[in-house]
Amino acid sequence: MTRRLAEVAKKVGVSEATVSRVLNGKPGVSESTRQAVLSALDVLGYERPTQLRGERARLVGLVLPELQNPIFPAFAEVIGGALAQLGLTPVLCTQTKGGVSEADYVELLLQQQVSGVVFAGGLYAQADAPHDHYRLLADRNIPVVLVNAAIEHLGFPAVSCDDAVAVEQAWRHLASLGHERIGLVLGPEDHVPSARKLAAARAIAPGLPEEFVARAIFSLEGGHAAAARLIDRGVTGLICASDPLALGAVRAARRGGHDVPGRVSVVGYDDSAFMNCTEPPLTTVRQPIEAMGRAAVELLNARIGGTAVPAEELLFEPELVVRGSTAQAPRG
């Protein structure tokens, strides 16, 4: 008991006496401090006193695939802030390679009796990945909202950036600069947002050669390897499925002795933090993170409150942000 008091007190930044007053239902503690102590109990994995267990449902899981790509901390900030405004406490669950899996996090969240889960990027976007943990949440009737495109038939509402519009904006921008040999750096073949981007590109350019489409893992290194192949094939304009992939493409061009944007133009996707500080500043397609994050929380809160929410996808309009990584196509 003493160890528990000390750990919770340290986590919250209050005295052990304050923690004891909360656990024993004593007066003299502000509501914000009381909620912070109860949330700390949950996060540290301690059982609440019996008389306080009914309040555990104010926890909401926020599951992210990684934190290295700045887009995910950005979503976490928006979603976490919107949850807090509603009196809901976000529990951040970030996957690491070789660490806790998405399915393991779902088990932990169910043990904590969370009232809902928001997934911002994850296995739901990959057709060939395991999905049993999503069905487990559905079977338990736990409210779930997905951020960005998912495979079909999961039965959860989703908020997504319109991948087709994003590619149309990027493609028309490069075409207006005179680029005729435009290539795509996308995620794995079973990745739904990447599949949507490819379909949009083929709708704009029906004759898009297969060798102008390269697949990569979502990382700077993956973008470097994929872009290097496309540049060797004569591509002068690259549309990438994420900003880290685009930064990898810039690096690949430069290491191959090609100027960016003089010889190769690069367009990213997300407009995550610091993309205006790269060299050159990255032209990219901006996801409306604020609007999408708040919409996800509104949908989740409605479900938590018992309101029926259709298992539909809300599409949000992206915005092309033109910076220094794109220019007129090279002559000759």
# chains A, B, ... in the order shown; residues from 1 in each chain; ligands from 1
$ closest_atom_pairs --of "range 229-302 of chain A" --to "range 167-175 of chain A" --cutoff "12 Å" --atoms "only C-alpha atoms" --output "JSON lines"
{"residue": "A:Val235", "atom": "CA", "partner": "A:Leu174", "partner_atom": "CA", "distance": 11.7}
{"residue": "A:Thr236", "atom": "CA", "partner": "A:Leu174", "partner_atom": "CA", "distance": 9.3}
{"residue": "A:Gly237", "atom": "CA", "partner": "A:Leu174", "partner_atom": "CA", "distance": 6.6}
{"residue": "A:Leu238", "atom": "CA", "partner": "A:Leu174", "partner_atom": "CA", "distance": 8.6}
{"residue": "A:Ile239", "atom": "CA", "partner": "A:Ala170", "partner_atom": "CA", "distance": 6.8}
{"residue": "A:Cys240", "atom": "CA", "partner": "A:Val167", "partner_atom": "CA", "distance": 9.2}
{"residue": "A:Ala241", "atom": "CA", "partner": "A:Val167", "partner_atom": "CA", "distance": 9.1}
{"residue": "A:Ser242", "atom": "CA", "partner": "A:Val167", "partner_atom": "CA", "distance": 11.7}
{"residue": "A:Pro261", "atom": "CA", "partner": "A:Leu174", "partner_atom": "CA", "distance": 11.3}
{"residue": "A:Val264", "atom": "CA", "partner": "A:Leu174", "partner_atom": "CA", "distance": 10.6}
{"residue": "A:Ser265", "atom": "CA", "partner": "A:Leu174", "partner_atom": "CA", "distance": 7.8}
{"residue": "A:Val266", "atom": "CA", "partner": "A:Leu174", "partner_atom": "CA", "distance": 8.9}
{"residue": "A:Val267", "atom": "CA", "partner": "A:Ala170", "partner_atom": "CA", "distance": 6.7}
{"residue": "A:Gly268", "atom": "CA", "partner": "A:Ala170", "partner_atom": "CA", "distance": 8.7}
{"residue": "A:Tyr269", "atom": "CA", "partner": "A:Val167", "partner_atom": "CA", "distance": 9.1}
{"residue": "A:Asp270", "atom": "CA", "partner": "A:Val167", "partner_atom": "CA", "distance": 11.9}
{"residue": "A:Thr283", "atom": "CA", "partner": "A:Ala170", "partner_atom": "CA", "distance": 9.0}
{"residue": "A:Thr284", "atom": "CA", "partner": "A:Ala170", "partner_atom": "CA", "distance": 7.8}
{"residue": "A:Val285", "atom": "CA", "partner": "A:Ala170", "partner_atom": "CA", "distance": 7.2}
{"residue": "A:Arg286", "atom": "CA", "partner": "A:Gln169", "partner_atom": "CA", "distance": 10.7}
$ write_last_selection --atoms "C-alpha atoms" --output "CSV table (one decimal), in the first residue's frame"
chain,number,residue,atom,x,y,z
A,235,VAL,CA,11.4,9.8,-63.2
A,236,THR,CA,11.6,13.6,-62.7
A,237,GLY,CA,8.7,14.1,-60.3
A,238,LEU,CA,8.0,12.0,-57.2
A,239,ILE,CA,4.7,11.8,-55.2
A,240,CYS,CA,5.3,10.1,-51.8
A,241,ALA,CA,2.8,8.6,-49.4
A,242,SER,CA,4.3,10.3,-46.3
A,261,PRO,CA,14.3,20.5,-57.3
A,264,VAL,CA,14.0,15.9,-59.4
A,265,SER,CA,10.9,17.4,-57.8
A,266,VAL,CA,9.5,15.7,-54.6
A,267,VAL,CA,6.0,16.0,-53.1
A,268,GLY,CA,5.3,14.6,-49.6
A,269,TYR,CA,2.1,13.8,-47.7
A,270,ASP,CA,1.0,14.9,-44.2
A,283,THR,CA,6.2,20.7,-50.9
A,284,THR,CA,3.6,18.4,-49.4
A,285,VAL,CA,-0.1,17.7,-49.1
A,286,ARG,CA,-1.4,18.7,-45.7
$ atom_distance --atom1 "CA of Pro65 in chain A" --atom2 "CA of Gly116 in chain A"
17.6 Å
$ residues_around --residues "Phe72 in chain A" --least-positions-apart "2" --cutoff "12 Å" --atoms "only C-alpha atoms" --output "PyMOL selection string"
chain A and resi 62-70+74-80+92-95+119-122+147-148+242-243+270-273+287+289+293
$ write_last_selection --atoms "N, CA and C atoms" --output "mmCIF file, in the first residue's frame"
data_model
loop_
_atom_site.group_PDB
_atom_site.id
_atom_site.type_symbol
_atom_site.label_atom_id
_atom_site.label_comp_id
_atom_site.auth_asym_id
_atom_site.auth_seq_id
_atom_site.Cartn_x
_atom_site.Cartn_y
_atom_site.Cartn_z
ATOM 1 N N LEU A 62 -5.750 5.481 -26.816
ATOM 2 C CA LEU A 62 -5.303 6.142 -28.047
ATOM 3 C C LEU A 62 -4.119 5.336 -28.566
ATOM 4 N N VAL A 63 -4.357 4.546 -29.592
ATOM 5 C CA VAL A 63 -3.356 3.590 -30.085
ATOM 6 C C VAL A 63 -2.695 4.133 -31.347
ATOM 7 N N LEU A 64 -1.364 4.260 -31.298
ATOM 8 C CA LEU A 64 -0.577 4.784 -32.414
ATOM 9 C C LEU A 64 0.445 3.741 -32.860
ATOM 10 N N PRO A 65 0.774 3.717 -34.154
ATOM 11 C CA PRO A 65 1.747 2.730 -34.625
ATOM 12 C C PRO A 65 3.190 3.101 -34.318
ATOM 13 N N GLU A 66 3.472 4.399 -34.142
ATOM 14 C CA GLU A 66 4.839 4.856 -33.887
ATOM 15 C C GLU A 66 4.781 6.328 -33.494
ATOM 16 N N LEU A 67 5.944 6.849 -33.057
ATOM 17 C CA LEU A 67 6.048 8.274 -32.764
ATOM 18 C C LEU A 67 7.154 8.944 -33.577
ATOM 19 N N GLN A 68 7.904 8.170 -34.371
ATOM 20 C CA GLN A 68 8.992 8.753 -35.152
ATOM 21 C C GLN A 68 8.471 9.640 -36.270
ATOM 22 N N ASN A 69 7.380 9.237 -36.901
ATOM 23 C CA ASN A 69 6.746 10.095 -37.901
ATOM 24 C C ASN A 69 5.986 11.190 -37.156
ATOM 25 N N PRO A 70 6.342 12.476 -37.359
ATOM 26 C CA PRO A 70 5.729 13.560 -36.565
ATOM 27 C C PRO A 70 4.215 13.661 -36.694
ATOM 28 N N ALA A 74 1.321 14.596 -33.588
ATOM 29 C CA ALA A 74 0.393 15.694 -33.875
ATOM 30 C C ALA A 74 -1.049 15.246 -33.668
ATOM 31 N N PHE A 75 -1.385 14.047 -34.173
ATOM 32 C CA PHE A 75 -2.733 13.521 -33.948
ATOM 33 C C PHE A 75 -2.968 13.285 -32.454
ATOM 34 N N ALA A 76 -1.960 12.772 -31.750
ATOM 35 C CA ALA A 76 -2.104 12.492 -30.318
ATOM 36 C C ALA A 76 -2.398 13.775 -29.540
ATOM 37 N N GLU A 77 -1.736 14.859 -29.922
ATOM 38 C CA GLU A 77 -1.942 16.129 -29.227
ATOM 39 C C GLU A 77 -3.374 16.626 -29.411
ATOM 40 N N VAL A 78 -3.862 16.571 -30.655
ATOM 41 C CA VAL A 78 -5.216 17.057 -30.932
ATOM 42 C C VAL A 78 -6.260 16.167 -30.255
ATOM 43 N N ILE A 79 -6.127 14.861 -30.447
ATOM 44 C CA ILE A 79 -7.120 13.928 -29.903
ATOM 45 C C ILE A 79 -7.080 13.926 -28.388
ATOM 46 N N GLY A 80 -5.868 13.905 -27.812
ATOM 47 C CA GLY A 80 -5.753 13.929 -26.346
ATOM 48 C C GLY A 80 -6.356 15.181 -25.750
ATOM 49 N N LEU A 92 -2.219 6.618 -23.768
ATOM 50 C CA LEU A 92 -1.443 6.514 -24.997
ATOM 51 C C LEU A 92 -0.771 5.148 -25.109
ATOM 52 N N CYS A 93 -1.002 4.477 -26.219
ATOM 53 C CA CYS A 93 -0.430 3.149 -26.467
ATOM 54 C C CYS A 93 0.355 3.216 -27.778
ATOM 55 N N THR A 94 1.664 3.200 -27.685
ATOM 56 C CA THR A 94 2.513 3.316 -28.863
ATOM 57 C C THR A 94 3.261 2.012 -29.095
ATOM 58 N N GLN A 95 3.146 1.505 -30.310
ATOM 59 C CA GLN A 95 3.836 0.260 -30.629
ATOM 60 C C GLN A 95 5.312 0.515 -30.912
ATOM 61 N N PHE A 119 -7.977 4.576 -32.806
ATOM 62 C CA PHE A 119 -6.783 4.091 -33.487
ATOM 63 C C PHE A 119 -6.390 5.120 -34.543
ATOM 64 N N ALA A 120 -5.191 5.680 -34.433
ATOM 65 C CA ALA A 120 -4.710 6.639 -35.426
ATOM 66 C C ALA A 120 -3.553 5.995 -36.182
ATOM 67 N N GLY A 121 -3.877 5.291 -37.254
ATOM 68 C CA GLY A 121 -2.874 4.500 -37.958
ATOM 69 C C GLY A 121 -2.748 3.147 -37.262
ATOM 70 N N GLY A 122 -2.628 2.083 -38.026
ATOM 71 C CA GLY A 122 -2.508 0.768 -37.405
ATOM 72 C C GLY A 122 -2.807 -0.348 -38.381
ATOM 73 N N VAL A 147 -8.795 6.458 -37.489
ATOM 74 C CA VAL A 147 -8.318 7.639 -38.206
ATOM 75 C C VAL A 147 -7.551 7.171 -39.442
ATOM 76 N N ASN A 148 -8.063 7.546 -40.587
ATOM 77 C CA ASN A 148 -7.554 7.205 -41.923
ATOM 78 C C ASN A 148 -7.957 5.804 -42.356
ATOM 79 N N SER A 242 4.120 9.670 -47.637
ATOM 80 C CA SER A 242 4.313 10.287 -46.320
ATOM 81 C C SER A 242 5.488 11.255 -46.408
ATOM 82 N N ASP A 243 5.605 12.142 -45.453
ATOM 83 C CA ASP A 243 6.738 13.075 -45.434
ATOM 84 C C ASP A 243 8.074 12.369 -45.205
ATOM 85 N N ASP A 270 1.263 14.759 -45.662
ATOM 86 C CA ASP A 270 0.961 14.937 -44.230
ATOM 87 C C ASP A 270 1.138 16.396 -43.831
ATOM 88 N N ASP A 271 2.255 17.037 -44.274
ATOM 89 C CA ASP A 271 2.709 18.333 -43.765
ATOM 90 C C ASP A 271 2.891 18.250 -42.262
ATOM 91 N N SER A 272 3.703 17.291 -41.845
ATOM 92 C CA SER A 272 4.009 17.125 -40.430
ATOM 93 C C SER A 272 5.013 18.189 -39.992
ATOM 94 N N ALA A 273 5.332 18.186 -38.708
ATOM 95 C CA ALA A 273 6.155 19.240 -38.110
ATOM 96 C C ALA A 273 7.516 19.359 -38.808
ATOM 97 N N GLN A 287 -2.608 17.113 -44.337
ATOM 98 C CA GLN A 287 -3.810 16.536 -43.730
ATOM 99 C C GLN A 287 -4.394 17.545 -42.738
ATOM 100 N N ILE A 289 -5.290 17.881 -39.675
ATOM 101 C CA ILE A 289 -5.164 17.107 -38.434
ATOM 102 C C ILE A 289 -6.146 17.580 -37.368
ATOM 103 N N GLY A 293 -8.967 15.105 -36.014
ATOM 104 C CA GLY A 293 -8.860 14.646 -34.630
ATOM 105 C C GLY A 293 -10.094 14.985 -33.811
#
$ select_by_dssp --residues "range 107-327 of chain A" --states "strand (DSSP E)" --output "count of residues only"
42
$ select_by_dssp --residues "range 153-299 of chain A" --states "alpha helix (DSSP H)" --output "number ranges by chain"
A: 163-176, 192-204, 220-232, 243-255, 289-299
$ write_last_selection --atoms "C-alpha atoms" --output "PDB file, in the first residue's frame"
ATOM      1  CA  ASP A 163      -6.237  10.117 -50.557  1.00  0.00           C
ATOM      2  CA  ALA A 164      -7.609  10.506 -54.087  1.00  0.00           C
ATOM      3  CA  VAL A 165      -7.819  14.290 -53.816  1.00  0.00           C
ATOM      4  CA  ALA A 166      -4.315  14.393 -52.301  1.00  0.00           C
ATOM      5  CA  VAL A 167      -2.823  12.595 -55.294  1.00  0.00           C
ATOM      6  CA  GLU A 168      -4.835  14.699 -57.752  1.00  0.00           C
ATOM      7  CA  GLN A 169      -3.482  17.889 -56.171  1.00  0.00           C
ATOM      8  CA  ALA A 170       0.113  16.638 -56.201  1.00  0.00           C
ATOM      9  CA  TRP A 171      -0.093  15.222 -59.726  1.00  0.00           C
ATOM     10  CA  ARG A 172      -1.628  18.337 -61.268  1.00  0.00           C
ATOM     11  CA  HIS A 173       0.983  20.490 -59.517  1.00  0.00           C
ATOM     12  CA  LEU A 174       3.858  18.478 -61.003  1.00  0.00           C
ATOM     13  CA  ALA A 175       2.168  18.319 -64.420  1.00  0.00           C
ATOM     14  CA  SER A 176       1.732  22.108 -64.409  1.00  0.00           C
ATOM     15  CA  VAL A 192      -5.407   0.781 -48.028  1.00  0.00           C
ATOM     16  CA  PRO A 193      -4.439   4.503 -48.206  1.00  0.00           C
ATOM     17  CA  SER A 194      -1.598   3.630 -50.602  1.00  0.00           C
ATOM     18  CA  ALA A 195      -3.978   1.577 -52.751  1.00  0.00           C
ATOM     19  CA  ARG A 196      -6.325   4.564 -52.916  1.00  0.00           C
ATOM     20  CA  LYS A 197      -3.482   6.857 -53.937  1.00  0.00           C
ATOM     21  CA  LEU A 198      -2.435   4.471 -56.705  1.00  0.00           C
ATOM     22  CA  ALA A 199      -6.004   4.163 -57.988  1.00  0.00           C
ATOM     23  CA  ALA A 200      -6.279   7.954 -58.120  1.00  0.00           C
ATOM     24  CA  ALA A 201      -2.996   8.253 -60.020  1.00  0.00           C
ATOM     25  CA  ARG A 202      -4.111   5.666 -62.573  1.00  0.00           C
ATOM     26  CA  ALA A 203      -7.400   7.525 -63.021  1.00  0.00           C
ATOM     27  CA  ILE A 204      -5.480  10.719 -63.840  1.00  0.00           C
ATOM     28  CA  LEU A 220      13.196   7.611 -44.435  1.00  0.00           C
ATOM     29  CA  GLU A 221      15.343   4.626 -45.410  1.00  0.00           C
ATOM     30  CA  GLY A 222      12.435   2.999 -47.236  1.00  0.00           C
ATOM     31  CA  GLY A 223      11.800   6.194 -49.171  1.00  0.00           C
ATOM     32  CA  HIS A 224      15.470   6.464 -50.080  1.00  0.00           C
ATOM     33  CA  ALA A 225      15.619   2.937 -51.535  1.00  0.00           C
ATOM     34  CA  ALA A 226      12.332   3.207 -53.439  1.00  0.00           C
ATOM     35  CA  ALA A 227      13.042   6.677 -54.848  1.00  0.00           C
ATOM     36  CA  ALA A 228      16.532   5.670 -55.983  1.00  0.00           C
ATOM     37  CA  ARG A 229      14.969   2.962 -58.174  1.00  0.00           C
ATOM     38  CA  LEU A 230      12.512   5.421 -59.734  1.00  0.00           C
ATOM     39  CA  ILE A 231      15.149   8.081 -60.369  1.00  0.00           C
ATOM     40  CA  ASP A 232      17.296   5.479 -62.141  1.00  0.00           C
ATOM     41  CA  ASP A 243       6.738  13.075 -45.434  1.00  0.00           C
ATOM     42  CA  PRO A 244       9.449  10.685 -44.131  1.00  0.00           C
ATOM     43  CA  LEU A 245       9.278   8.829 -47.468  1.00  0.00           C
ATOM     44  CA  ALA A 246       9.654  12.173 -49.254  1.00  0.00           C
ATOM     45  CA  LEU A 247      12.679  13.141 -47.152  1.00  0.00           C
ATOM     46  CA  GLY A 248      14.203   9.785 -48.070  1.00  0.00           C
ATOM     47  CA  ALA A 249      13.510  10.578 -51.720  1.00  0.00           C
ATOM     48  CA  VAL A 250      15.315  13.924 -51.425  1.00  0.00           C
ATOM     49  CA  ARG A 251      18.300  12.166 -49.885  1.00  0.00           C
ATOM     50  CA  ALA A 252      18.304   9.524 -52.636  1.00  0.00           C
ATOM     51  CA  ALA A 253      18.295  12.185 -55.352  1.00  0.00           C
ATOM     52  CA  ARG A 254      21.170  14.089 -53.808  1.00  0.00           C
ATOM     53  CA  ARG A 255      23.294  11.016 -53.179  1.00  0.00           C
ATOM     54  CA  ILE A 289      -5.164  17.107 -38.434  1.00  0.00           C
ATOM     55  CA  GLU A 290      -7.119  19.441 -36.152  1.00  0.00           C
ATOM     56  CA  ALA A 291     -10.465  18.894 -37.889  1.00  0.00           C
ATOM     57  CA  MET A 292      -9.945  15.140 -38.244  1.00  0.00           C
ATOM     58  CA  GLY A 293      -8.860  14.646 -34.630  1.00  0.00           C
ATOM     59  CA  ARG A 294     -11.776  16.612 -33.226  1.00  0.00           C
ATOM     60  CA  ALA A 295     -14.245  14.790 -35.460  1.00  0.00           C
ATOM     61  CA  ALA A 296     -12.884  11.439 -34.257  1.00  0.00           C
ATOM     62  CA  VAL A 297     -13.404  12.447 -30.626  1.00  0.00           C
ATOM     63  CA  GLU A 298     -16.920  13.760 -31.331  1.00  0.00           C
ATOM     64  CA  LEU A 299     -17.868  10.436 -32.929  1.00  0.00           C
TER      65      LEU A 299
END
$ closest_residue --among "A:Gly87, A:Gly81, A:Pro280, A:Pro143" --to "Val114 in chain A" --atoms "only C-alpha atoms"
A:Pro143
$ closest_residue --among "A:Val12, A:Met275, A:Ala205, A:Ala158" --to "Pro310 in chain A" --atoms "only C-alpha atoms"
A:Ala158
$ closest_residue --among "A:Asn24, A:Thr326, A:Gln112, A:Thr2" --to "Ala40 in chain A" --atoms "only C-alpha atoms"
A:Gln112
$ atom_distance --atom1 "CA of Ala9 in chain A" --atom2 "CA of Ser32 in chain A"
14.2 Å
